[in-house]
Amino acid sequence: MSPLSSSLLNPRLSFSLKPLFLFSQSSFAPRKFQIPRQFVSAKRKTFSDLASEQSSATDNGGRSGRGGRSGAVSPSPVVEEVQRIDVNPPKGTRDFPPEDMRLRTWLFNHFREVSRLFGFEEVDYPVLESEALFIRKAGEEIRDQLYCFEDRGNRRVALRPELTPSLARLVIQKGKSLSLPLKWFAIGQCWRYERMTRGRRREHYQWNMDILGLPEVTAEAELISSIVAFFKRIGITESDVGFKVSSRKVLQEVLRCYSVPENLFGKVCIIIDKIEKIPIDEIKRELNATGLSEEAIEELLQVLSIKSLTKLEEILGGAGEAVADLKELFSLSEKFGYSEWIQFDASVVRGLAYYTGIVFEGFDRQGKLRAICGGGRYDRLLSTFGGDDVPACGFGFGDAVIVELLKEKGLLPELNLEVDNIVCALDYDLQGVAAEVATKLREKGQSVDLVLESKPLKWVFKRAARTNAQRLVLVGNTEWQKGMVGVKILSSGEQYEIKLDELE
C-alpha cells in the first residue's frame, strides 16, 4: 500500500502526513534525502544551484528525469554537504579539562597568595589591544610574533603578547589620580606566534608583578624576593633554580667607550639576547651589521662573558651606575635571605627594548628548560606612549615552563575532585526533599553533589568514590517521615540518622 493510500484510510495519519506528501497530489514524486553521517561546518547549496539542478533534470519533452512533470514547484529543501572538523585546539593552544583546570587554579592561587603577602593589588587589561601599543623599535622580536589584524572599524589591533605595555597605558590613562608608588600584579593570557619548544606555546598565562614610582634598587630586590617566596611555596629550592642578574647599564658603558650612538643601543641588546640561542659567529655578523667596529664587538663580547661582579668592577671601575646598582642588589639579597639564589652574569640583557637598568632571569640549574621568568627596570617606557616617565620595574612569569619544571622534579601536586557531600533521594518522590537538604548544606558553605536522577545505590557509591566525597546523605521514606536523613561517613563507614536542622 502506498503512503498516500494509507493516509486516506486513517484521517489522523492523513493529517500528520499531509505536509510530507503535498506534492503527491500532482505527478511530482516525493524526494528521498540522504541523512548525513557527519556534522559541522556545511557548504549550503543556493537557490540558483537548485534551479540549475532542476533544469538539468528536465528533458526536451517537459518531463523530469525522475518521471515527474516539470512545473512551478517550490525549491527543494537545502541540502548540506557536511565535513568533519579537527577537534584539537589550534596549534600552540590548549584546552583545560577539569584535571588541567585544577592544576591551573592551584598555580594561580599561589601567584595570588604571594602577591597578597607582598601587598600588591590585582589588575587586568583587555586581551585585545591597539597594535601600536606593541610596536616599538625595529628588530624587536615581538613585532614578528604578534597576532594582529584589522577589525571591522578599520583599526589595527593585536592579541596582547605581554602585559607591561597595557600596564603603562593604564597608568597614563589614570594620570595624577594614582598615588605612587604603585604595587600591582596581574595574571593574564598572552599570545605570540613563535616556534614552539618545551615550555613554549603560542598562548600562555603570565603572572606579572610591577612597582612604579620607586627609583631605588630596593624595588628589584623586593620583586626577586617575591619570586623566591613563590618557589619555596611549591617546593622549589636554590639547588633547582637560580637567578642570573646584570644591568643594561653595563652595555651602555661599554658602547659609550666606542662612541656607539644611543639609538643603536636597543638593537644591540636584542642581538645580545640571542647569545645562547644562535652561534657566536652569527652574533658577530649581526652586531657588525649595526655599525659596530670589530674592536668594539670583541670588547663587548669579552665583557658579556664575565660572571663575577668583582671582575666587572675591575674593567669598568666602581664609579659607574651599573656596578653601584648591582653591588647594592647583592647586598640587599643578603638582607632578604636569598643571596644563594642569585649570581652575576653580564650576558643577561633581556630581549625587550624598554629595559633600562637591572635585568634578571630565573633559570633551571640543570639547563633543561628555557628561562622560567624574567624582568627588570624600565624607567622610560611611559614616554614611548606619550606619557610622563615614571621609574618602574617588574617581571613576567609564565605558566608553562614552571609546570615542566615541577614535572621534572616530581613536584606536581595530586589534585583530585573533592566534594563534602553526596545527597541522594532513595525515592523519586523525595527528589524535592533531597534538593532542600542540598540547599541547606550549601548555605552552610559545604560543597554538595546532588544526584539529579533516580540511580541505584551501587552507582551512588561509585560516584562518591570518584568525587572523593566525605559523606553520603540519603533521603529515604522511613527516615523522612521522622524528619530525619541517613548519613554515612565514607572514610570510616560510620552510619547514623540525624534531623535535617542538626545536619552540619
# chains A, B, ... in the order shown; residues from 1 in each chain; ligands from 1
call {"tool": "residues_around", "arguments": {"residues": "segment 389-395 of chain A", "least_positions_apart": "5", "cutoff": "8 Å", "atoms": "only C-alpha atoms", "output": "PyMOL selection string"}}
result
chain A and resi 208-215+219-220+223+373-383
call {"tool": "write_last_selection", "arguments": {"atoms": "C-alpha atoms", "output": "PDB file, in the first residue's frame"}}
result
ATOM      1  CA  ASN A 208      53.304  39.939  36.364  1.00  0.00           C
ATOM      2  CA  MET A 209      54.300  41.982  39.398  1.00  0.00           C
ATOM      3  CA  ASP A 210      55.277  45.632  38.906  1.00  0.00           C
ATOM      4  CA  ILE A 211      56.370  48.501  41.131  1.00  0.00           C
ATOM      5  CA  LEU A 212      56.007  52.031  39.746  1.00  0.00           C
ATOM      6  CA  GLY A 213      57.274  55.268  41.284  1.00  0.00           C
ATOM      7  CA  LEU A 214      60.319  53.837  43.073  1.00  0.00           C
ATOM      8  CA  PRO A 215      63.786  54.536  41.570  1.00  0.00           C
ATOM      9  CA  ALA A 219      62.199  47.608  44.195  1.00  0.00           C
ATOM     10  CA  GLU A 220      64.126  44.990  42.191  1.00  0.00           C
ATOM     11  CA  LEU A 223      60.444  41.579  43.247  1.00  0.00           C
ATOM     12  CA  CYS A 373      60.799  34.057  34.418  1.00  0.00           C
ATOM     13  CA  GLY A 374      62.440  37.408  33.793  1.00  0.00           C
ATOM     14  CA  GLY A 375      62.198  41.106  34.365  1.00  0.00           C
ATOM     15  CA  GLY A 376      63.981  44.317  35.180  1.00  0.00           C
ATOM     16  CA  ARG A 377      63.802  48.101  35.300  1.00  0.00           C
ATOM     17  CA  TYR A 378      62.005  50.113  32.607  1.00  0.00           C
ATOM     18  CA  ASP A 379      62.178  53.772  33.668  1.00  0.00           C
ATOM     19  CA  ARG A 380      61.464  55.226  30.227  1.00  0.00           C
ATOM     20  CA  LEU A 381      58.584  53.106  28.938  1.00  0.00           C
ATOM     21  CA  LEU A 382      55.750  55.569  29.551  1.00  0.00           C
ATOM     22  CA  SER A 383      57.310  58.312  27.418  1.00  0.00           C
TER      23      SER A 383
END
call {"tool": "residues_around", "arguments": {"residues": "Leu251 of chain A", "least_positions_apart": "3", "cutoff": "12 Å", "atoms": "only C-alpha atoms", "output": "VMD selection string"}}
result
chain A and resid 246 to 248 254 to 258 260 262 264 to 270 272 to 273 296 to 297 299 to 304 312 316 320 to 323 346 to 349 355 to 359
call {"tool": "residues_around", "arguments": {"residues": "Cys190 of chain A", "least_positions_apart": "3", "cutoff": "10 Å", "atoms": "only C-alpha atoms", "output": "PyMOL selection string"}}
result
chain A and resi 127-128+159-163+187+201-206+398
call {"tool": "atom_distance", "arguments": {"atom1": "atom CA of Thr439 of chain A", "atom2": "atom CA of Glu504 of chain A"}}
result
12.2 Å
call {"tool": "closest_residue", "arguments": {"among": "A:Gly493, A:Gly367, A:Gly235, A:Gly476", "to": "Asp427 of chain A", "atoms": "only C-alpha atoms"}}
result
A:Gly476
call {"tool": "select_by_dssp", "arguments": {"residues": "segment 253-473 of chain A", "states": "helix (DSSP H, G or I)", "output": "ChimeraX atom specification"}}
result
/A:253-257,262-272,280-289,294-304,309-316,321-336,339-341,382-385,399-409,428-443,457-466
call {"tool": "select_by_dssp", "arguments": {"residues": "segment 70-241 of chain A", "states": "strand (DSSP E or B)", "output": "ChimeraX atom specification"}}
result
/A:80-82,121-122,128-130,147-150,156-159,182-191,197,200,203-212,241
call {"tool": "residues_around", "arguments": {"residues": "Ala221 of chain A", "least_positions_apart": "2", "cutoff": "7 Å", "atoms": "only C-alpha atoms", "output": "VMD selection string"}}
result
chain A and resid 217 to 219 223 to 225 329 332 to 333
call {"tool": "write_last_selection", "arguments": {"atoms": "all heavy atoms", "output": "PDB file, in the first residue's frame"}}
result
ATOM      1  N   VAL A 217      66.955  50.587  44.078  1.00  0.00           N
ATOM      2  CA  VAL A 217      67.154  49.164  43.765  1.00  0.00           C
ATOM      3  C   VAL A 217      66.357  48.266  44.719  1.00  0.00           C
ATOM      4  O   VAL A 217      66.157  47.085  44.435  1.00  0.00           O
ATOM      5  CB  VAL A 217      68.671  48.831  43.818  1.00  0.00           C
ATOM      6  CG1 VAL A 217      68.925  47.351  43.565  1.00  0.00           C
ATOM      7  CG2 VAL A 217      69.434  49.666  42.807  1.00  0.00           C
ATOM      8  N   THR A 218      65.873  48.825  45.803  1.00  0.00           N
ATOM      9  CA  THR A 218      65.038  48.032  46.720  1.00  0.00           C
ATOM     10  C   THR A 218      63.816  47.453  46.008  1.00  0.00           C
ATOM     11  O   THR A 218      63.305  46.406  46.412  1.00  0.00           O
ATOM     12  CB  THR A 218      64.570  48.893  47.909  1.00  0.00           C
ATOM     13  OG1 THR A 218      64.041  50.126  47.411  1.00  0.00           O
ATOM     14  CG2 THR A 218      65.725  49.194  48.857  1.00  0.00           C
ATOM     15  N   ALA A 219      63.357  48.121  44.941  1.00  0.00           N
ATOM     16  CA  ALA A 219      62.199  47.608  44.195  1.00  0.00           C
ATOM     17  C   ALA A 219      62.544  46.286  43.513  1.00  0.00           C
ATOM     18  O   ALA A 219      61.786  45.309  43.596  1.00  0.00           O
ATOM     19  CB  ALA A 219      61.737  48.636  43.166  1.00  0.00           C
ATOM     20  N   LEU A 223      61.047  42.431  44.277  1.00  0.00           N
ATOM     21  CA  LEU A 223      60.444  41.579  43.247  1.00  0.00           C
ATOM     22  C   LEU A 223      61.096  40.199  43.208  1.00  0.00           C
ATOM     23  O   LEU A 223      60.407  39.174  43.124  1.00  0.00           O
ATOM     24  CB  LEU A 223      60.551  42.254  41.878  1.00  0.00           C
ATOM     25  CG  LEU A 223      59.676  43.497  41.677  1.00  0.00           C
ATOM     26  CD1 LEU A 223      60.024  44.191  40.367  1.00  0.00           C
ATOM     27  CD2 LEU A 223      58.201  43.141  41.703  1.00  0.00           C
ATOM     28  N   ILE A 224      62.439  40.167  43.259  1.00  0.00           N
ATOM     29  CA  ILE A 224      63.126  38.867  43.259  1.00  0.00           C
ATOM     30  C   ILE A 224      62.748  38.086  44.518  1.00  0.00           C
ATOM     31  O   ILE A 224      62.545  36.862  44.472  1.00  0.00           O
ATOM     32  CB  ILE A 224      64.651  39.051  43.157  1.00  0.00           C
ATOM     33  CG1 ILE A 224      65.018  39.684  41.808  1.00  0.00           C
ATOM     34  CG2 ILE A 224      65.376  37.716  43.314  1.00  0.00           C
ATOM     35  CD1 ILE A 224      66.486  40.056  41.660  1.00  0.00           C
ATOM     36  N   SER A 225      62.595  38.781  45.645  1.00  0.00           N
ATOM     37  CA  SER A 225      62.188  38.126  46.883  1.00  0.00           C
ATOM     38  C   SER A 225      60.814  37.477  46.741  1.00  0.00           C
ATOM     39  O   SER A 225      60.574  36.374  47.261  1.00  0.00           O
ATOM     40  CB  SER A 225      62.160  39.155  48.020  1.00  0.00           C
ATOM     41  OG  SER A 225      61.751  38.561  49.232  1.00  0.00           O
ATOM     42  N   LEU A 329      72.211  45.599  44.981  1.00  0.00           N
ATOM     43  CA  LEU A 329      71.262  44.491  44.884  1.00  0.00           C
ATOM     44  C   LEU A 329      71.798  43.252  45.584  1.00  0.00           C
ATOM     45  O   LEU A 329      71.064  42.577  46.325  1.00  0.00           O
ATOM     46  CB  LEU A 329      70.953  44.173  43.413  1.00  0.00           C
ATOM     47  CG  LEU A 329      70.009  42.988  43.177  1.00  0.00           C
ATOM     48  CD1 LEU A 329      68.635  43.255  43.786  1.00  0.00           C
ATOM     49  CD2 LEU A 329      69.871  42.684  41.694  1.00  0.00           C
ATOM     50  N   LEU A 332      71.509  43.719  49.266  1.00  0.00           N
ATOM     51  CA  LEU A 332      70.121  43.556  49.713  1.00  0.00           C
ATOM     52  C   LEU A 332      69.688  42.092  49.707  1.00  0.00           C
ATOM     53  O   LEU A 332      68.867  41.674  50.536  1.00  0.00           O
ATOM     54  CB  LEU A 332      69.180  44.372  48.816  1.00  0.00           C
ATOM     55  CG  LEU A 332      69.209  45.883  49.022  1.00  0.00           C
ATOM     56  CD1 LEU A 332      68.491  46.595  47.879  1.00  0.00           C
ATOM     57  CD2 LEU A 332      68.579  46.257  50.365  1.00  0.00           C
ATOM     58  N   SER A 333      70.241  41.304  48.782  1.00  0.00           N
ATOM     59  CA  SER A 333      69.876  39.880  48.733  1.00  0.00           C
ATOM     60  C   SER A 333      70.269  39.162  50.016  1.00  0.00           C
ATOM     61  O   SER A 333      69.614  38.201  50.434  1.00  0.00           O
ATOM     62  CB  SER A 333      70.535  39.201  47.527  1.00  0.00           C
ATOM     63  OG  SER A 333      71.927  39.021  47.723  1.00  0.00           O
TER      64      SER A 333
END
